[in-house]
$ cat data_28.txt   # compact mmCIF, C-alpha atoms and all ligand atoms
# COMPACT_ATOMS: atom_id res chain seq x y z
CA MET A 1 18.21 9.86 -31.42
CA CYS A 2 17.49 12.65 -28.99
CA SER A 3 15.93 13.01 -25.61
CA ALA A 4 12.49 14.55 -25.33
CA ARG A 5 9.49 14.60 -23.10
CA SER A 6 6.61 12.65 -24.54
CA SER A 7 3.12 14.07 -24.32
CA ILE A 8 2.08 10.84 -22.68
CA GLY A 9 4.62 10.43 -20.04
CA VAL A 10 8.13 10.00 -18.92
CA GLU A 11 11.52 11.09 -20.20
CA ILE A 12 11.99 9.06 -23.31
CA ALA A 13 14.32 8.66 -26.23
CA VAL A 14 12.88 9.66 -29.57
CA ASP A 15 13.91 7.73 -32.63
CA GLY A 16 12.28 8.47 -35.96
CA GLY A 17 9.05 9.67 -34.40
CA TYR A 18 8.68 6.56 -32.26
CA VAL A 19 9.56 6.38 -28.63
CA LEU A 20 10.19 3.79 -26.04
CA VAL A 21 8.04 4.51 -23.02
CA ARG A 22 7.23 2.65 -19.90
CA ARG A 23 3.78 4.11 -19.83
CA VAL A 24 0.65 2.81 -21.37
CA PHE A 25 -2.47 4.91 -21.47
CA GLY A 26 -5.82 3.25 -22.01
CA GLU A 27 -6.28 -0.49 -22.16
CA ILE A 28 -3.50 -2.90 -21.35
CA SER A 29 -3.60 -5.65 -23.92
CA GLY A 30 -4.65 -8.99 -22.46
CA MET A 31 -6.13 -7.34 -19.37
CA PRO A 32 -9.88 -7.15 -19.90
CA VAL A 33 -12.32 -5.21 -17.77
CA GLY A 34 -12.98 -7.33 -14.70
CA THR A 35 -9.39 -8.52 -14.32
CA HIS A 36 -8.91 -9.39 -10.66
CA ALA A 37 -5.80 -9.32 -8.49
CA GLN A 38 -5.58 -10.30 -4.86
CA THR A 39 -2.96 -7.70 -3.99
CA ARG A 40 -1.65 -4.34 -5.18
CA LYS A 41 1.59 -6.12 -6.05
CA GLU A 42 -0.27 -8.43 -8.43
CA MET A 43 -2.15 -5.47 -9.93
CA SER A 44 1.21 -3.82 -10.47
CA GLU A 45 2.70 -6.89 -12.13
CA LEU A 46 -0.27 -7.05 -14.49
CA GLY A 47 0.63 -3.49 -15.52
CA ILE A 48 -2.84 -2.16 -14.78
CA HIS A 49 -1.74 0.05 -11.88
CA ARG A 50 2.01 0.08 -11.33
CA PRO A 51 2.59 1.87 -8.00
CA LEU A 52 2.39 -0.42 -4.96
CA VAL A 53 1.02 2.22 -2.58
CA ALA A 54 0.09 5.44 -4.41
CA GLY A 55 -3.49 5.73 -5.62
CA ILE A 56 -2.49 7.63 -8.75
CA CYS A 57 -0.05 6.46 -11.40
CA GLY A 58 1.03 9.57 -13.21
CA ASP A 59 2.85 12.86 -13.17
CA ARG A 60 2.24 16.32 -14.62
CA ASN A 61 2.46 14.88 -18.14
CA GLY A 62 -0.55 12.67 -17.65
CA THR A 63 -2.11 10.01 -15.45
CA GLU A 64 -2.49 6.40 -16.52
CA SER A 65 -4.48 4.81 -13.75
CA VAL A 66 -6.11 5.38 -10.38
CA VAL A 67 -7.17 3.12 -7.53
CA LEU A 68 -10.35 3.71 -5.59
CA SER A 69 -10.09 1.82 -2.33
CA GLY A 70 -11.90 3.82 0.29
CA GLY A 71 -8.69 5.59 1.24
CA PHE A 72 -9.97 9.16 0.89
CA GLU A 73 -12.76 10.52 3.03
CA ASP A 74 -13.79 12.96 0.29
CA ASP A 75 -14.27 10.35 -2.46
CA GLN A 76 -17.77 9.50 -3.67
CA ASP A 77 -18.40 6.34 -5.62
CA ASN A 78 -21.53 6.04 -7.74
CA GLY A 79 -20.24 3.32 -10.00
CA ASP A 80 -20.31 4.90 -13.45
CA GLU A 81 -19.52 8.28 -11.94
CA VAL A 82 -16.91 8.89 -9.31
CA VAL A 83 -15.82 11.97 -7.40
CA TYR A 84 -12.15 11.20 -7.02
CA THR A 85 -9.83 13.00 -4.64
CA GLY A 86 -6.26 13.65 -5.72
CA GLN A 87 -3.09 12.62 -3.95
CA GLY A 88 -1.20 14.18 -1.06
CA GLY A 89 -1.94 15.64 2.35
CA ASN A 90 -3.26 12.38 3.75
CA SER A 91 -2.13 11.00 7.10
CA GLU A 92 -1.43 7.66 5.42
CA GLN A 93 0.67 7.38 2.30
CA GLY A 94 -1.63 6.34 -0.51
CA GLY A 95 -4.71 7.43 1.41
CA GLY A 96 -6.55 5.69 4.18
CA GLY A 97 -6.32 8.25 6.91
CA VAL A 98 -7.63 11.76 7.21
CA GLN A 99 -6.49 14.88 5.37
CA THR A 100 -3.88 16.74 7.40
CA ALA A 101 -2.67 19.21 4.76
CA ASN A 102 -3.75 20.93 1.56
CA GLN A 103 -3.34 19.06 -1.70
CA GLN A 104 -1.39 20.64 -4.55
CA TRP A 105 -1.88 20.72 -8.31
CA THR A 106 1.31 18.77 -8.85
CA ARG A 107 2.34 15.20 -9.78
CA GLY A 108 -0.57 12.90 -10.55
CA ASN A 109 -3.06 15.63 -9.63
CA ALA A 110 -1.69 17.81 -12.43
CA GLY A 111 -1.58 14.71 -14.60
CA LEU A 112 -5.34 14.23 -14.31
CA VAL A 113 -5.83 17.83 -15.46
CA ARG A 114 -3.69 17.02 -18.47
CA ASN A 115 -5.89 13.97 -19.12
CA TRP A 116 -8.89 16.29 -18.98
CA SER A 117 -7.39 18.73 -21.47
CA GLN A 118 -6.28 15.97 -23.86
CA GLY A 119 -9.26 13.65 -23.51
CA TRP A 120 -7.06 10.81 -22.24
CA ARG A 121 -8.92 8.22 -20.17
CA VAL A 122 -7.61 6.57 -17.01
CA ARG A 123 -7.80 2.94 -15.95
CA LEU A 124 -9.80 2.66 -12.75
CA VAL A 125 -9.24 -0.07 -10.18
CA ARG A 126 -11.54 -0.70 -7.23
CA GLY A 127 -10.45 -2.28 -3.97
CA ALA A 128 -12.60 -4.48 -1.72
CA ARG A 129 -12.32 -1.99 1.14
CA LEU A 130 -14.86 0.25 -0.63
CA GLY A 131 -17.56 -2.29 0.11
CA PRO A 132 -20.78 -2.89 -1.82
CA PRO A 133 -22.34 -2.27 -4.24
CA PHE A 134 -19.50 -1.48 -6.67
CA ALA A 135 -16.38 -3.02 -5.15
CA PRO A 136 -15.11 -6.57 -5.57
CA SER A 137 -15.63 -8.78 -2.50
CA SER A 138 -11.90 -9.30 -2.18
CA GLY A 139 -8.68 -7.87 -3.54
CA TYR A 140 -8.67 -5.45 -6.48
CA ARG A 141 -10.50 -5.36 -9.79
CA TYR A 142 -9.93 -3.41 -13.00
CA ASP A 143 -13.23 -1.70 -13.81
CA GLY A 144 -12.42 -0.12 -17.18
CA LEU A 145 -11.62 3.30 -18.58
CA TYR A 146 -12.95 6.55 -17.15
CA ARG A 147 -12.67 9.99 -18.66
CA VAL A 148 -11.88 13.05 -16.59
CA ASP A 149 -15.11 14.97 -17.06
CA ALA A 150 -14.42 17.92 -14.75
CA TYR A 151 -12.06 19.01 -12.01
CA GLY A 152 -11.77 21.63 -9.33
CA GLU A 153 -10.72 22.54 -5.82
CA ALA A 154 -12.86 21.86 -2.80
CA THR A 155 -12.58 22.07 0.95
CA GLY A 156 -12.66 18.52 2.21
CA ILE A 157 -14.33 17.06 5.29
CA SER A 158 -11.23 17.74 7.40
CA GLY A 159 -11.07 21.36 6.27
CA PHE A 160 -8.13 21.12 3.89
CA LYS A 161 -8.00 21.93 0.20
CA VAL A 162 -8.43 18.87 -1.99
CA CYS A 163 -8.08 18.44 -5.74
CA GLN A 164 -11.16 16.68 -7.05
CA TYR A 165 -12.21 15.14 -10.32
CA ARG A 166 -15.43 13.84 -11.74
CA LEU A 167 -14.54 10.60 -13.50
CA VAL A 168 -17.17 9.19 -15.83
CA ARG A 169 -17.02 5.62 -17.06
CA ASP A 170 -16.28 5.57 -20.79
CA ASP A 171 -15.66 1.97 -21.78
CA VAL A 172 -17.38 -0.27 -24.31
CA MET A 173 -17.21 -3.23 -21.93
CA PRO A 174 -19.99 -3.52 -19.35
CA ALA A 175 -19.21 -2.57 -15.77
CA PRO A 176 -18.11 -5.63 -13.78
CA TRP A 177 -20.46 -4.94 -10.87
CA SER A 178 -23.40 -5.15 -13.25
CA VAL A 179 -22.50 -8.64 -14.48
CA ASP A 180 -20.35 -10.11 -11.75
CA GLN A 181 -21.88 -11.27 -8.50
CA SER A 182 -18.91 -13.30 -7.34
CA GLY A 183 -16.68 -10.29 -6.87
CA MET A 184 -13.84 -12.34 -8.25
CA GLY A 185 -13.82 -10.78 -11.70
CA VAL A 186 -15.66 -11.72 -14.86
CA THR A 187 -12.87 -13.68 -16.43
CA PRO A 188 -9.99 -14.01 -14.03
CA PRO A 189 -7.02 -14.36 -16.36
CA GLU A 190 -4.19 -16.67 -15.62
CA ARG A 191 -1.73 -14.75 -13.55
CA ARG A 192 1.20 -13.60 -15.59
CA THR A 193 3.76 -10.87 -15.73
CA VAL A 194 3.53 -8.48 -18.62
CA THR A 195 6.28 -6.36 -20.04
CA ILE A 196 4.83 -2.90 -20.24
CA GLN A 197 7.69 -1.38 -22.13
CA ARG A 198 6.51 -0.98 -25.69
CA ILE A 199 6.78 1.15 -28.77
CA VAL A 200 4.14 3.80 -29.26
CA ARG A 201 3.89 6.89 -31.40
CA SER A 202 5.55 9.79 -29.66
CA THR A 203 2.67 12.20 -30.00
CA THR A 204 -0.32 12.71 -32.16
CA VAL A 205 -0.01 15.01 -35.14
CA ALA A 206 -2.12 17.60 -33.36
CA ASP A 207 0.05 17.48 -30.26
CA ARG A 208 3.16 18.07 -32.32
CA VAL A 209 1.61 21.16 -33.90
CA LYS A 210 0.52 22.53 -30.52
CA LYS A 211 3.97 21.94 -29.07
CA SER A 212 5.74 23.65 -31.94
CA HIS A 213 3.82 26.80 -30.99
CA ASP A 214 4.11 26.17 -27.26
CA TYR A 215 0.28 26.15 -27.15
CA ALA A 216 0.02 29.81 -28.26
CA CYS A 217 -2.74 30.67 -30.74
CA GLN A 218 -1.33 31.29 -34.22
CA ILE A 219 -3.82 34.13 -34.71
CA CYS A 220 -3.70 36.13 -31.46
CA GLY A 221 -0.65 34.68 -29.73
CA ILE A 222 -2.53 33.97 -26.52
CA ARG A 223 -1.67 30.85 -24.54
CA LEU A 224 -4.38 29.70 -22.16
CA GLU A 225 -2.99 28.55 -18.82
CA ILE A 226 -5.21 26.40 -16.67
CA PRO A 227 -4.65 25.05 -13.14
CA GLY A 228 -2.24 22.16 -12.96
CA GLY A 229 0.39 23.92 -15.04
CA VAL A 230 -1.38 22.84 -18.21
CA SER A 231 -1.63 24.96 -21.36
CA TYR A 232 -4.67 24.57 -23.54
CA ALA A 233 -4.92 25.00 -27.30
CA GLU A 234 -7.02 23.44 -30.03
CA ALA A 235 -5.92 21.84 -33.26
CA ALA A 236 -7.87 23.27 -36.19
CA HIS A 237 -7.82 21.47 -39.51
CA VAL A 238 -7.53 23.94 -42.36
CA ARG A 239 -9.15 21.67 -44.91
CA GLY A 240 -11.73 19.82 -42.78
CA LEU A 241 -11.34 16.12 -42.02
CA GLY A 242 -13.90 13.72 -43.41
CA ALA A 243 -16.86 14.40 -45.69
CA PRO A 244 -17.35 16.65 -47.56
CA HIS A 245 -13.82 18.12 -47.43
CA PHE A 246 -11.62 15.01 -47.00
CA GLY A 247 -8.64 16.99 -45.73
CA PRO A 248 -5.65 15.00 -44.44
CA ASP A 249 -4.61 14.68 -40.80
CA VAL A 250 -1.11 16.05 -41.33
CA GLU A 251 0.79 18.90 -39.71
CA GLU A 252 0.69 20.99 -42.89
CA ASN A 253 -3.11 21.00 -42.62
CA ILE A 254 -3.39 21.89 -38.93
CA LEU A 255 -3.26 25.18 -37.02
CA CYS A 256 -2.78 25.70 -33.30
CA LEU A 257 -5.59 28.04 -32.22
CA CYS A 258 -7.32 29.30 -29.10
CA PRO A 259 -11.00 28.22 -28.84
CA ASN A 260 -12.31 31.64 -30.01
CA HIS A 261 -10.19 31.74 -33.12
CA HIS A 262 -10.90 28.07 -33.81
CA VAL A 263 -14.61 28.89 -34.04
CA LEU A 264 -14.00 32.00 -36.13
CA PHE A 265 -11.71 30.08 -38.46
CA ASP A 266 -14.07 27.12 -38.86
CA SER A 267 -16.97 29.46 -39.58
CA GLY A 268 -15.02 31.31 -42.25
CA ALA A 269 -15.09 34.60 -40.33
CA LEU A 270 -11.29 34.38 -40.44
CA THR A 271 -9.30 33.36 -43.49
CA ILE A 272 -5.61 33.29 -44.34
CA ASN A 273 -4.02 34.45 -47.58
CA ASP A 274 -1.19 32.54 -49.25
CA ASP A 275 1.27 35.11 -47.86
CA LEU A 276 -0.21 34.33 -44.40
CA ILE A 277 -1.79 37.78 -44.05
CA LEU A 278 -4.97 37.35 -42.05
CA LYS A 279 -8.37 38.43 -43.22
CA GLY A 280 -10.74 39.08 -40.32
CA TYR A 281 -7.90 39.82 -37.90
CA LYS A 282 -5.01 42.24 -38.05
CA GLY A 283 -1.57 41.06 -38.99
CA ARG A 284 -0.10 37.83 -40.16
CA LEU A 285 -0.39 34.21 -39.08
CA ARG A 286 2.20 33.32 -36.43
CA THR A 287 4.46 30.57 -37.65
CA SER A 288 7.07 28.21 -36.31
CA PRO A 289 10.03 26.86 -38.29
CA GLU A 290 9.06 23.37 -37.10
CA HIS A 291 5.56 23.65 -38.51
CA PRO A 292 5.16 24.13 -42.25
CA ILE A 293 1.75 25.10 -43.66
CA GLU A 294 0.58 24.02 -47.08
CA PRO A 295 -0.86 27.02 -49.03
CA SER A 296 -3.22 24.85 -51.09
CA TYR A 297 -5.13 23.97 -47.90
CA LEU A 298 -5.42 27.69 -47.06
CA ALA A 299 -6.78 28.27 -50.55
CA TYR A 300 -9.26 25.43 -50.10
CA HIS A 301 -10.38 26.94 -46.80
CA ARG A 302 -10.86 30.40 -48.38
CA GLU A 303 -12.89 28.81 -51.15
CA HIS A 304 -15.12 26.64 -49.00
CA ALA A 305 -15.36 27.64 -45.36
CA ALA A 306 -15.54 31.34 -46.10
CA LYS A 307 -18.58 30.90 -48.32
CA SER A 308 -20.52 28.64 -45.99
ZN ZN B 1 -6.55 33.24 -30.63
$ encode --input "data_28.txt" --output "structure tokens" --more "lines below"
Ligand SMILES: [Zn+2]
Amino acid sequence: MCSARSSIGVEIAVDGGYVLVRRVFGEISGMPVGTHAQTRKEMSELGIHRPLVAGICGDRNGTESVVLSGGFEDDQDNGDEVVYTGQGGNSEQGGGGVQTANQQWTRGNAGLVRNWSQGWRVRLVRGARLGPPFAPSSGYRYDGLYRVDAYGEATGISGFKVCQYRLVRDDVMPAPWSVDQSGMGVTPPERRTVTIQRIVRSTTVADRVKKSHDYACQICGIRLEIPGGVSYAEAAHVRGLGAPHFGPDVEENILCLCPNHHVLFDSGALTINDDLILKGYKGRLRTSPEHPIEPSYLAYHREHAAKS
């Protein structure tokens, strides 16, 4: 057992590829869209949004959930699409006052950038203070999963820099405000305390490959750094997944590439010999001792992608 930092959250102990984490991204089991809580404390006990005051539950490794409660003057709520302002610089902890300082790309703000780069969705909770037409009439309501569609810096109403995100609803369950007129939630569950400590896979296969190269492209060596202290790389399957190639989703069949070289590789403009000498780019494929590559997949790619 060793200590490591999971791609989805906190310091954790790794044991055989599985980790014990306190964090849960995505849906909380037994907590359907529309789940209502009268207080932030109840919402926290349900595991939907754990902090009692902060509007963002997350850190630079990712953000699990956000609360929209009218606390930030620069927020805009259009129901399925929200302009969400990050944390910090507000005269009231957790939002509610005016901005009195610049926000920084740290903590949960950086976490939302990581969600953007990884495609992780956040749970969104609305508070009654927002008012109609999207908020519950009292307390707090879980409104489903939203993806971080875009982010950037803006100058807010009070003249300070704010970190902003466009959150777009991405949930199979209908939005509560479209089906719920009572404001008390679609199916208020019996109140209960959930244990949110659970076993999840430490990282996806693709994440492990990217990490073993520290997000540097295996062709050109470039690591793309984006605001929020996040590095961006893409996982390219050597033998394509699904029809007609039916390649496996295993580390030996994945490369860590920058977007340009991902396109060139997928198109067959770049191929890799068994000795890892590149064709279509000078030099040799960059490797990591933690990341073996299976030559038969390279051969398959030379045979198929290069001819298409
Ligand atoms: Zn590259």
$ residues_near_ligand --input "data_28.txt" --ligand "ligand ZN 1 (chain B)" --cutoff "8 Å" --atoms "all atoms listed in the file" --output "ChimeraX atom specification"
/A:216-222,257-262
$ residues_around --input "data_28.txt" --residues "Ile28 of chain A" --least-positions-apart "2" --cutoff "10 Å" --atoms "all atoms listed in the file" --output "list in words"
Val24, Phe25, Gly26, Gly30, Met31, Pro32, Val33, Leu46, Gly47, Ile48, Arg123, Val194 and Ile196 of chain A
$ atom_distance --input "data_28.txt" --atom1 "atom CA of Asn102 of chain A" --atom2 "atom CA of Gly62 of chain A"
21.2 Å
$ atom_distance --input "data_28.txt" --atom1 "atom CA of Ala128 of chain A" --atom2 "atom CA of Glu42 of chain A"
14.6 Å
$ residues_around --input "data_28.txt" --residues "segment 229-235 of chain A" --least-positions-apart "2" --cutoff "8 Å" --atoms "all atoms listed in the file" --output "tab-separated table (two decimals) with C-alpha atoms, in the coordinates of the input"
chain	number	residue	atom	x	y	z
A	60	ARG	CA	2.24	16.32	-14.62
A	105	TRP	CA	-1.88	20.72	-8.31
A	110	ALA	CA	-1.69	17.81	-12.43
A	113	VAL	CA	-5.83	17.83	-15.46
A	114	ARG	CA	-3.69	17.02	-18.47
A	117	SER	CA	-7.39	18.73	-21.47
A	206	ALA	CA	-2.12	17.60	-33.36
A	207	ASP	CA	0.05	17.48	-30.26
A	209	VAL	CA	1.61	21.16	-33.90
A	210	LYS	CA	0.52	22.53	-30.52
A	215	TYR	CA	0.28	26.15	-27.15
A	216	ALA	CA	0.02	29.81	-28.26
A	217	CYS	CA	-2.74	30.67	-30.74
A	223	ARG	CA	-1.67	30.85	-24.54
A	224	LEU	CA	-4.38	29.70	-22.16
A	225	GLU	CA	-2.99	28.55	-18.82
A	226	ILE	CA	-5.21	26.40	-16.67
A	227	PRO	CA	-4.65	25.05	-13.14
A	237	HIS	CA	-7.82	21.47	-39.51
A	254	ILE	CA	-3.39	21.89	-38.93
A	255	LEU	CA	-3.26	25.18	-37.02
A	256	CYS	CA	-2.78	25.70	-33.30
A	257	LEU	CA	-5.59	28.04	-32.22
A	258	CYS	CA	-7.32	29.30	-29.10
A	259	PRO	CA	-11.00	28.22	-28.84
A	262	HIS	CA	-10.90	28.07	-33.81
$ atom_distance --input "data_28.txt" --atom1 "atom CA of Glu303 of chain A" --atom2 "atom CA of Gly268 of chain A"
9.5 Å
$ residues_around --input "data_28.txt" --residues "Arg129 of chain A" --least-positions-apart "5" --cutoff "10 Å" --atoms "all atoms listed in the file" --output "short mmCIF file (atom, residue, chain, number, x, y, z; two decimals) with C-alpha atoms, in the coordinates of the input"
data_model
loop_
_atom_site.label_atom_id
_atom_site.label_comp_id
_atom_site.auth_asym_id
_atom_site.auth_seq_id
_atom_site.Cartn_x
_atom_site.Cartn_y
_atom_site.Cartn_z
CA LEU A 68 -10.35 3.71 -5.59
CA SER A 69 -10.09 1.82 -2.33
CA GLY A 70 -11.90 3.82 0.29
CA GLY A 71 -8.69 5.59 1.24
CA ALA A 135 -16.38 -3.02 -5.15
CA PRO A 136 -15.11 -6.57 -5.57
CA SER A 137 -15.63 -8.78 -2.50
CA SER A 138 -11.90 -9.30 -2.18
CA GLY A 139 -8.68 -7.87 -3.54
CA TYR A 140 -8.67 -5.45 -6.48
#
$ closest_residue --input "data_28.txt" --among "A:Leu278, A:Val250, A:Leu124, A:Val98" --to "Arg169 of chain A" --atoms "all atoms listed in the file"
A:Leu124
$ residues_near_point --input "data_28.txt" --point "(-3.5, 35.7, -41.0)" --cutoff "9 Å" --atoms "only C-alpha atoms" --output "list in words"
Gln218, Ile219, Leu270, Thr271, Ile272, Asn273, Asp275, Leu276, Ile277, Leu278, Lys279, Gly280, Tyr281, Lys282, Gly283, Arg284, Leu285 and Arg286 of chain A
$ closest_residue --input "data_28.txt" --among "A:Ile157, A:Ala54, A:Ser267, A:Arg23" --to "Lys41 of chain A" --atoms "only C-alpha atoms"
A:Ala54
$ closest_residue --input "data_28.txt" --among "A:Ala299, A:Ala305, A:Leu112, A:Val122" --to "Gly228 of chain A" --atoms "all atoms listed in the file"
A:Leu112
$ residues_around --input "data_28.txt" --residues "segment 75-89 of chain A" --least-positions-apart "6" --cutoff "6 Å" --atoms "all atoms listed in the file" --output "PDB file with C-alpha atoms, keeping the file's coordinate frame"
ATOM      1  CA  GLN A  99      -6.490  14.880   5.370  1.00  0.00           C
ATOM      2  CA  THR A 100      -3.880  16.740   7.400  1.00  0.00           C
ATOM      3  CA  ALA A 101      -2.670  19.210   4.760  1.00  0.00           C
ATOM      4  CA  ASN A 102      -3.750  20.930   1.560  1.00  0.00           C
ATOM      5  CA  GLN A 103      -3.340  19.060  -1.700  1.00  0.00           C
ATOM      6  CA  ASN A 109      -3.060  15.630  -9.630  1.00  0.00           C
ATOM      7  CA  PHE A 134     -19.500  -1.480  -6.670  1.00  0.00           C
ATOM      8  CA  CYS A 163      -8.080  18.440  -5.740  1.00  0.00           C
ATOM      9  CA  GLN A 164     -11.160  16.680  -7.050  1.00  0.00           C
ATOM     10  CA  TYR A 165     -12.210  15.140 -10.320  1.00  0.00           C
ATOM     11  CA  ARG A 166     -15.430  13.840 -11.740  1.00  0.00           C
ATOM     12  CA  LEU A 167     -14.540  10.600 -13.500  1.00  0.00           C
ATOM     13  CA  VAL A 168     -17.170   9.190 -15.830  1.00  0.00           C
ATOM     14  CA  ARG A 169     -17.020   5.620 -17.060  1.00  0.00           C
TER      15      ARG A 169
END
$ closest_residue --input "data_28.txt" --among "A:Trp177, A:Arg126, A:Gly156, A:Ser65" --to "Arg141 of chain A" --atoms "all atoms listed in the file"
A:Arg126
$ closest_residue --input "data_28.txt" --among "A:Val238, A:Gly119, A:Gly111, A:Tyr146" --to "Cys57 of chain A" --atoms "only C-alpha atoms"
A:Gly111
